[in-house]
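Asker: Provided herewith: target.txt, compact mmCIF, C-alpha atoms.
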```
# COMPACT_ATOMS: atom_id res chain seq x y z
CA MET A 1 113.36 185.70 41.69
CA PRO A 2 116.03 187.27 39.57
CA ASP A 3 118.06 185.03 37.33
CA LEU A 4 121.49 184.35 38.73
CA PHE A 5 122.88 183.09 35.49
CA ILE A 6 121.67 183.51 31.93
CA ALA A 7 123.46 181.46 29.34
CA PRO A 8 124.76 183.69 26.57
CA GLU A 9 123.17 183.31 23.19
CA ASN A 10 125.21 181.26 20.78
CA LYS A 11 126.53 183.96 18.52
CA ASP A 12 128.86 181.53 16.78
CA LYS A 13 126.47 181.03 13.88
CA LYS A 14 127.11 178.47 11.22
CA THR A 15 128.74 179.82 8.12
CA ILE A 16 127.94 176.99 5.73
CA PRO A 17 125.72 178.88 3.32
CA GLN A 18 122.48 177.42 2.08
CA GLU A 19 122.13 176.53 -1.56
CA GLY A 20 120.40 179.21 -3.58
CA THR A 21 121.91 182.15 -1.71
CA SER A 22 123.28 184.85 -3.99
CA GLU A 23 126.46 185.47 -2.02
CA SER A 24 128.85 184.94 -4.88
CA SER A 25 128.69 185.69 -8.55
CA GLU A 26 128.96 182.69 -10.83
CA ASN A 27 130.53 183.49 -14.12
CA LEU A 28 133.16 181.72 -16.16
CA PHE A 29 136.04 183.48 -14.42
CA SER A 30 134.83 183.64 -10.82
CA ALA A 31 137.34 182.81 -8.12
CA PHE A 32 134.87 182.16 -5.28
CA VAL A 33 131.72 180.28 -6.23
CA LEU A 34 129.23 178.82 -3.78
CA TYR A 35 127.25 175.82 -4.99
CA PRO A 36 128.49 176.12 -8.57
CA HIS A 37 126.29 174.82 -11.37
CA ASN A 38 127.60 173.13 -14.51
CA ILE A 39 130.95 172.49 -12.81
CA ASN A 40 132.21 169.00 -12.33
CA PHE A 41 135.38 167.04 -11.70
CA GLU A 42 136.50 163.59 -12.68
CA THR A 43 136.33 161.81 -9.31
CA LYS A 44 133.09 163.33 -8.04
CA ASP A 45 130.57 160.85 -6.66
CA LYS A 46 126.94 161.01 -7.62
CA GLU A 47 125.74 161.98 -4.15
CA GLU A 48 128.64 164.35 -3.55
CA LYS A 49 127.78 168.05 -3.81
CA ILE A 50 130.24 170.89 -4.43
CA ILE A 51 129.79 173.53 -1.72
CA LEU A 52 132.56 175.88 -2.79
CA MET A 53 134.89 176.25 -5.75
CA LEU A 54 137.96 178.45 -5.40
CA ARG A 55 140.70 179.78 -7.62
CA GLN A 56 143.50 182.16 -6.89
CA HIS A 57 142.42 185.80 -6.79
CA PRO A 58 141.98 187.19 -10.36
CA VAL A 59 144.31 190.11 -9.65
CA LEU A 60 147.22 187.62 -9.78
CA ASN A 61 146.65 187.37 -13.54
CA LEU A 62 147.98 190.89 -13.98
CA LYS A 63 151.59 189.65 -13.85
CA TRP A 64 151.39 187.30 -16.84
CA ILE A 65 149.15 189.73 -18.76
CA ALA A 66 151.68 192.57 -18.32
CA ILE A 67 154.64 190.34 -19.26
CA SER A 68 152.76 189.03 -22.32
CA ILE A 69 152.04 192.57 -23.53
CA ILE A 70 155.72 193.52 -23.13
CA LEU A 71 156.79 190.35 -24.97
CA PHE A 72 154.38 191.14 -27.83
CA LEU A 73 155.78 194.64 -28.16
CA LEU A 74 159.47 193.69 -28.02
CA PRO A 75 159.91 192.64 -31.72
CA ALA A 76 158.66 196.09 -32.86
CA PHE A 77 161.09 197.72 -30.45
CA SER A 78 163.99 195.52 -31.62
CA GLN A 79 163.24 196.48 -35.23
CA LYS A 80 163.39 200.19 -34.33
CA ILE A 81 166.83 199.88 -32.75
CA GLY A 82 167.99 197.54 -35.54
CA LEU A 83 168.90 194.66 -33.24
CA PHE A 84 168.80 191.98 -35.95
CA SER A 85 169.70 194.18 -38.92
CA ALA A 86 172.86 192.16 -39.61
CA LEU A 87 170.87 188.96 -40.18
CA PRO A 88 169.48 187.93 -43.57
CA PRO A 89 165.75 188.88 -43.90
CA GLY A 90 164.52 185.29 -43.71
CA TYR A 91 166.20 184.78 -40.35
CA TYR A 92 164.67 187.91 -38.91
CA LEU A 93 161.20 186.73 -39.98
CA VAL A 94 161.68 183.31 -38.38
CA ILE A 95 163.06 184.82 -35.16
CA VAL A 96 160.08 187.18 -34.86
CA LEU A 97 157.55 184.42 -35.59
CA THR A 98 159.23 182.11 -33.07
CA TRP A 99 159.17 184.93 -30.53
CA TYR A 100 155.42 185.39 -31.01
CA LEU A 101 154.94 181.62 -30.79
CA VAL A 102 156.69 181.45 -27.43
CA THR A 103 154.76 184.53 -26.26
CA VAL A 104 151.45 182.84 -27.17
CA ALA A 105 152.58 179.73 -25.25
CA TYR A 106 153.50 181.89 -22.24
CA ALA A 107 150.12 183.66 -22.28
CA ILE A 108 148.22 180.36 -22.65
CA GLU A 109 150.26 178.84 -19.81
CA GLY A 110 149.57 181.89 -17.62
CA PHE A 111 145.85 181.73 -18.21
CA PHE A 112 145.48 177.94 -17.93
CA GLY A 113 147.72 177.94 -14.85
CA TRP A 114 145.18 180.19 -13.17
CA TYR A 115 141.99 178.81 -14.67
CA PHE A 116 142.59 175.10 -14.14
CA ASN A 117 144.18 175.35 -10.67
CA VAL A 118 141.06 174.99 -8.58
CA PHE A 119 140.08 173.97 -5.08
CA PHE A 120 136.81 172.28 -4.26
CA ILE A 121 135.09 171.90 -0.95
CA THR A 122 132.40 169.28 -1.23
CA THR A 123 130.06 167.67 1.24
CA ARG A 124 132.63 164.85 1.63
CA ARG A 125 136.07 166.11 0.69
CA VAL A 126 138.50 168.91 0.09
CA ILE A 127 140.14 168.67 -3.32
CA ASP A 128 143.10 170.53 -4.77
CA VAL A 129 143.59 170.26 -8.56
CA ASP A 130 146.95 171.56 -9.80
CA PHE A 131 148.31 171.86 -13.32
CA PHE A 132 151.94 172.96 -13.63
CA ASN A 133 153.66 174.29 -16.74
CA LEU A 134 150.98 172.82 -19.01
CA ILE A 135 152.45 169.34 -18.77
CA ASP A 136 152.16 168.27 -15.11
CA LYS A 137 148.98 167.47 -13.23
CA ARG A 138 148.33 166.70 -9.56
CA VAL A 139 145.04 166.05 -7.79
CA SER A 140 145.08 165.84 -3.97
CA ASP A 141 142.13 165.30 -1.73
CA ALA A 142 141.28 164.71 1.91
CA GLU A 143 138.08 163.58 3.58
CA ILE A 144 136.39 166.25 5.69
CA GLU A 145 136.47 163.95 8.73
CA LYS A 146 140.24 163.62 8.42
CA ILE A 147 140.84 167.36 8.62
CA GLN A 148 142.70 168.11 11.84
CA ASP A 149 143.33 171.81 11.64
CA VAL A 150 142.46 174.76 9.43
CA SER A 151 144.38 178.01 9.47
CA TYR A 152 144.48 181.01 7.20
CA SER A 153 146.67 184.00 6.61
CA THR A 154 146.62 187.17 4.59
CA SER A 155 149.83 188.98 3.90
CA GLY A 156 151.19 191.89 1.93
CA PRO A 157 149.48 195.13 0.95
CA MET A 158 147.61 193.53 -1.98
CA GLY A 159 146.38 190.58 0.03
CA THR A 160 145.17 192.83 2.83
CA THR A 161 143.53 195.35 0.49
CA LEU A 162 141.83 192.84 -1.78
CA ASN A 163 141.18 190.27 0.95
CA PHE A 164 142.95 187.22 -0.40
CA GLY A 165 145.36 184.85 1.30
CA ASP A 166 146.33 181.27 2.03
CA VAL A 167 144.23 178.60 3.72
CA ARG A 168 146.18 175.67 5.17
CA VAL A 169 144.35 172.44 5.84
CA GLN A 170 146.19 169.85 7.94
CA THR A 171 144.88 166.36 7.57
CA ALA A 172 145.35 162.87 8.93
CA SER A 173 145.24 161.41 5.45
CA GLU A 174 148.08 160.45 3.11
CA ILE A 175 148.67 164.08 2.16
CA PRO A 176 149.40 165.84 5.46
CA GLU A 177 148.67 169.35 4.25
CA LEU A 178 146.61 171.00 1.55
CA ASN A 179 147.32 174.60 0.71
CA PHE A 180 144.77 176.86 -0.89
CA GLU A 181 147.08 179.62 -2.00
CA ARG A 182 146.01 183.23 -2.48
CA VAL A 183 142.29 182.53 -2.54
CA PRO A 184 139.63 185.21 -1.99
CA ASN A 185 137.97 185.47 1.45
CA PRO A 186 140.36 183.09 3.28
CA GLU A 187 138.62 183.73 6.59
CA ARG A 188 135.27 182.70 5.12
CA VAL A 189 136.80 179.59 3.56
CA ALA A 190 138.37 178.59 6.89
CA LYS A 191 135.05 179.10 8.70
CA ILE A 192 133.16 177.01 6.15
CA LEU A 193 135.72 174.23 6.60
CA ASP A 194 135.53 174.49 10.40
CA ASP A 195 131.75 174.22 10.31
CA LEU A 196 131.90 171.27 7.95
CA ARG A 197 134.33 169.55 10.34
CA ALA A 198 132.01 170.28 13.27
CA SER A 199 129.03 168.88 11.41
CA VAL A 200 130.89 165.66 10.62
CA HIS A 201 132.39 165.03 14.08
CA MET B 1 193.89 183.16 -45.24
CA GLU B 2 191.14 180.95 -46.60
CA ASN B 3 189.11 179.13 -44.00
CA THR B 4 189.13 175.55 -45.26
CA ILE B 5 187.72 173.98 -42.11
CA LEU B 6 184.38 175.83 -41.95
CA PRO B 7 183.49 177.81 -45.07
CA ALA B 8 181.09 180.73 -44.54
CA PHE B 9 178.11 179.17 -46.38
CA ASN B 10 178.25 176.13 -44.08
CA ILE B 11 177.63 178.25 -41.01
CA TRP B 12 174.18 179.28 -42.30
CA ILE B 13 173.36 175.66 -43.14
CA ILE B 14 174.28 174.66 -39.59
CA VAL B 15 172.21 177.56 -38.21
CA LYS B 16 169.27 176.48 -40.39
CA LEU B 17 169.49 172.84 -39.27
CA PHE B 18 169.80 173.89 -35.65
CA SER B 19 166.78 176.23 -35.97
CA LEU B 20 164.69 173.51 -37.65
CA ALA B 21 165.66 171.01 -34.95
CA ILE B 22 164.54 173.42 -32.21
CA LEU B 23 161.31 174.24 -34.04
CA GLY B 24 160.71 170.52 -34.57
CA MET B 25 161.07 169.92 -30.85
CA TYR B 26 158.74 172.83 -30.24
CA ILE B 27 156.09 171.13 -32.40
CA ILE B 28 156.37 168.06 -30.15
CA PHE B 29 155.98 170.32 -27.10
CA ALA B 30 152.92 172.00 -28.68
CA PHE B 31 151.43 168.57 -29.37
CA VAL B 32 152.00 167.52 -25.74
CA ILE B 33 150.17 170.69 -24.68
CA THR B 34 147.13 169.74 -26.77
CA ARG B 35 147.12 166.33 -25.04
CA GLN B 36 147.49 167.90 -21.63
CA VAL B 37 144.67 170.36 -22.30
CA LYS B 38 142.52 167.38 -23.27
CA VAL B 39 143.39 165.79 -19.90
CA MET B 40 142.61 169.07 -18.12
CA THR B 41 139.21 169.39 -19.75
CA GLU B 42 138.40 165.76 -18.97
CA THR B 43 139.47 166.18 -15.34
CA LEU B 44 137.53 169.40 -14.84
CA THR B 45 134.31 170.60 -16.41
CA LEU B 46 134.37 174.34 -15.88
CA GLY B 47 132.51 175.60 -18.94
CA PHE B 48 135.57 176.63 -20.91
CA GLU B 49 136.53 173.35 -22.53
CA THR B 50 135.88 174.28 -26.17
CA VAL B 51 137.89 177.52 -26.00
CA ALA B 52 140.74 175.81 -24.12
CA ARG B 53 141.00 173.08 -26.76
CA PHE B 54 140.84 175.67 -29.54
CA LEU B 55 143.67 177.70 -27.95
CA SER B 56 145.92 174.67 -27.61
CA LEU B 57 145.16 173.59 -31.18
CA PHE B 58 145.79 177.15 -32.44
CA HIS B 59 149.18 177.09 -30.72
CA PHE B 60 150.02 173.71 -32.29
CA VAL B 61 149.01 174.90 -35.80
CA LEU B 62 151.06 178.06 -35.28
CA ALA B 63 154.11 175.95 -34.35
CA VAL B 64 153.72 173.86 -37.53
CA LEU B 65 153.32 177.01 -39.65
CA VAL B 66 156.47 178.58 -38.22
CA PHE B 67 158.36 175.34 -38.94
CA ILE B 68 157.17 175.38 -42.56
CA ILE B 69 158.03 179.08 -42.95
CA ALA B 70 161.48 178.36 -41.48
CA ILE B 71 162.08 175.62 -44.09
CA ILE B 72 161.16 178.08 -46.86
CA ALA B 73 162.70 181.29 -45.50
CA LEU B 74 166.01 180.07 -44.10
```
Translate this file's structure into structure tokens.
Answerer:
Amino acid sequence: MPDLFIAPENKDKKTIPQEGTSESSENLFSAFVLYPHNINFETKDKEEKIILMLRQHPVLNLKWIAISIILFLLPAFSQKIGLFSALPPGYYLVIVLTWYLVTVAYAIEGFFGWYFNVFFITTRRVIDVDFFNLIDKRVSDAEIEKIQDVSYSTSGPMGTTLNFGDVRVQTASEIPELNFERVPNPERVAKILDDLRASVH
Amino acid sequence: MENTILPAFNIWIIVKLFSLAILGMYIIFAFVITRQVKVMTETLTLGFETVARFLSLFHFVLAVLVFIIAIIAL
């Protein structure tokens, strides 16, 4: 007798990757690292395992790098046009040194602002670590079971071309929303979070 | 007419004091950065702690050097 109904195969496969897969490169400056080694954070429990570590897409560093290069070149340019020629020589020296000092601070802030702003997805929680302007720090987290909704978006020509975007995680915890801004593979991140939610509920 | 209220040489002294005050505040800022980087590296272990601390210390030393040069050069 022919089958009247055949249940479709479940094509909605789980996207939580298994540890040991080589899906992401792990180097010092990676922005998407699955099961990172030698990476830790202050409030991590012993039995808690980091599934994914995210940073903003590396291409976003180009802005501060370009501005830093321009700032480094400006004193040479100002000397050519004689901008500070009316000042005594000692003053010119101090102005140039101070300029380079501020430029170094700007470059360090740009790099640290990218490097230390990380997102973690662990077996228990989602954690957002933010450092602002080198002097402010904020760590937000939400339990996986308290996640209510996950959405993602990619926008702009760069985001679409290089596949980075925002992942918004709405939670029932004290912090109603966590934003993973301009992270690589936002769709993949959202799917991993969805599967983690499904495995908890 | 002679300017008896603010002679010319006093202007440069005021500029020097003002510059030193700003550079002094900058040293405090650079010191706060070294503390903050210490907090960052304690909060997160990402494999870059030594370089991060060196960079912040380098910036602090640079700020002190510029302050000393300003005392001498201005």
Asker: In the coordinates of the file, take the point (152.5, 180.0, -28.5) and a cut-off of 10 Å; then, counting all atoms listed in the file, name each qualifying protein, DNA or RNA residue as a list in words.
Answerer: Leu97, Thr98, Trp99, Tyr100, Leu101, Val102, Thr103, Val104, Ala105, Tyr106, Ala107, Ile108 and Glu109 of chain A; Tyr26, Ala30, Leu55, Ser56, Phe58, His59, Phe60, Val61, Leu62 and Ala63 of chain B
Asker: Any idea which chain A residues end up within 9 Å of chain B if we count all atoms listed in the file, as a PyMOL selection string please?
Answerer: chain A and resi 28+38-43+88-91+93-94+97-98+101+104-105+108+112+115-116+129+131+134-137
Asker: May I have the residues within 12 Å of Arg125 of chain A as a ChimeraX atom specification, using all atoms listed in the file and disregarding those fewer than 3 positions away in the same chain?
Answerer: /A:43-45,48-52,119-122,128,140-147,169,171,173,178,193,196-197,200
Asker: Please, what distance in Å, to one decimal, runs between atom CA of Val183 of chain A and atom CA of Phe111 of chain A?
Answerer: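 Atom CA of Phe111 of chain A lies 16.1 Å from atom CA of Val183 of chain A.
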Asker: Quick one, how far is atom CA of Asp149 of chain A from atom CA of Lys191 of chain A?
Answerer: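 About the pair atom CA of Asp149 of chain A and atom CA of Lys191 of chain A: they are 11.4 Å apart.
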Asker: Just to confirm, what's the straight-line distance from atom CA of Gln56 of chain A to atom CA of Leu74 of chain A in Å (one decimal)?
Answerer: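 According to the coordinates, atom CA of Gln56 of chain A and atom CA of Leu74 of chain A are separated by 28.9 Å.
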Asker: Enclose all atoms of segment 193-201 of chain A listed in the file in an axis-aligned box, grow every side by 4 Å, and hand back centre and edge lengths in Å to one decimal, as JSON.
Answerer:
```
{"center_x": 132.4, "center_y": 169.8, "center_z": 10.3, "size_x": 14.7, "size_y": 17.5, "size_z": 15.5}
```
Asker: Can you patch up segment 8-38 of chain B, filling it in to N, CA and C atoms, and show the result as a CSV table (one decimal), keeping the file's coordinate frame?
Answerer:
```csv
chain,number,residue,atom,x,y,z
B,8,ALA,N,182.1,179.8,-45.0
B,8,ALA,CA,181.1,180.7,-44.5
B,8,ALA,C,179.7,180.2,-44.8
B,9,PHE,N,179.5,179.6,-46.0
B,9,PHE,CA,178.1,179.2,-46.4
B,9,PHE,C,177.7,178.0,-45.5
B,10,ASN,N,178.6,177.2,-45.0
B,10,ASN,CA,178.2,176.1,-44.1
B,10,ASN,C,177.7,176.6,-42.8
B,11,ILE,N,178.1,177.7,-42.3
B,11,ILE,CA,177.6,178.2,-41.0
B,11,ILE,C,176.1,178.4,-41.1
B,12,TRP,N,175.6,179.0,-42.2
B,12,TRP,CA,174.2,179.3,-42.3
B,12,TRP,C,173.4,178.0,-42.4
B,13,ILE,N,174.0,177.0,-43.1
B,13,ILE,CA,173.4,175.7,-43.1
B,13,ILE,C,173.2,175.1,-41.7
B,14,ILE,N,174.3,175.2,-41.0
B,14,ILE,CA,174.3,174.7,-39.6
B,14,ILE,C,173.2,175.4,-38.8
B,15,VAL,N,173.2,176.7,-38.9
B,15,VAL,CA,172.2,177.6,-38.2
B,15,VAL,C,170.8,177.1,-38.6
B,16,LYS,N,170.6,176.9,-39.9
B,16,LYS,CA,169.3,176.5,-40.4
B,16,LYS,C,168.9,175.1,-39.8
B,17,LEU,N,169.8,174.2,-39.8
B,17,LEU,CA,169.5,172.8,-39.3
B,17,LEU,C,169.2,172.9,-37.8
B,18,PHE,N,170.0,173.7,-37.1
B,18,PHE,CA,169.8,173.9,-35.6
B,18,PHE,C,168.4,174.5,-35.4
B,19,SER,N,168.1,175.6,-36.2
B,19,SER,CA,166.8,176.2,-36.0
B,19,SER,C,165.6,175.3,-36.2
B,20,LEU,N,165.8,174.5,-37.3
B,20,LEU,CA,164.7,173.5,-37.6
B,20,LEU,C,164.6,172.4,-36.6
B,21,ALA,N,165.7,172.0,-36.0
B,21,ALA,CA,165.7,171.0,-35.0
B,21,ALA,C,164.9,171.6,-33.7
B,22,ILE,N,165.2,172.8,-33.4
B,22,ILE,CA,164.5,173.4,-32.2
B,22,ILE,C,163.0,173.6,-32.5
B,23,LEU,N,162.7,174.1,-33.7
B,23,LEU,CA,161.3,174.2,-34.0
B,23,LEU,C,160.6,172.9,-34.1
B,24,GLY,N,161.3,171.9,-34.6
B,24,GLY,CA,160.7,170.5,-34.6
B,24,GLY,C,160.4,170.0,-33.2
B,25,MET,N,161.3,170.3,-32.2
B,25,MET,CA,161.1,169.9,-30.8
B,25,MET,C,159.9,170.7,-30.3
B,26,TYR,N,159.8,172.0,-30.7
B,26,TYR,CA,158.7,172.8,-30.2
B,26,TYR,C,157.4,172.3,-30.7
B,27,ILE,N,157.4,171.7,-31.9
B,27,ILE,CA,156.1,171.1,-32.4
B,27,ILE,C,155.7,170.0,-31.5
B,28,ILE,N,156.7,169.2,-31.1
B,28,ILE,CA,156.4,168.1,-30.2
B,28,ILE,C,155.8,168.6,-28.8
B,29,PHE,N,156.4,169.7,-28.3
B,29,PHE,CA,156.0,170.3,-27.1
B,29,PHE,C,154.5,170.8,-27.3
B,30,ALA,N,154.3,171.5,-28.4
B,30,ALA,CA,152.9,172.0,-28.7
B,30,ALA,C,151.9,170.9,-28.7
B,31,PHE,N,152.3,169.7,-29.3
B,31,PHE,CA,151.4,168.6,-29.4
B,31,PHE,C,151.1,168.0,-28.0
B,32,VAL,N,152.2,168.0,-27.1
B,32,VAL,CA,152.0,167.5,-25.7
B,32,VAL,C,151.0,168.4,-25.0
B,33,ILE,N,151.1,169.7,-25.3
B,33,ILE,CA,150.2,170.7,-24.7
B,33,ILE,C,148.7,170.4,-25.1
B,34,THR,N,148.5,170.1,-26.4
B,34,THR,CA,147.1,169.7,-26.8
B,34,THR,C,146.6,168.5,-26.0
B,35,ARG,N,147.5,167.5,-25.8
B,35,ARG,CA,147.1,166.3,-25.0
B,35,ARG,C,146.8,166.7,-23.6
B,36,GLN,N,147.7,167.5,-23.0
B,36,GLN,CA,147.5,167.9,-21.6
B,36,GLN,C,146.2,168.7,-21.4
B,37,VAL,N,145.9,169.6,-22.4
B,37,VAL,CA,144.7,170.4,-22.3
B,37,VAL,C,143.5,169.4,-22.4
B,38,LYS,N,143.6,168.4,-23.2
B,38,LYS,CA,142.5,167.4,-23.3
B,38,LYS,C,142.3,166.7,-21.9
```
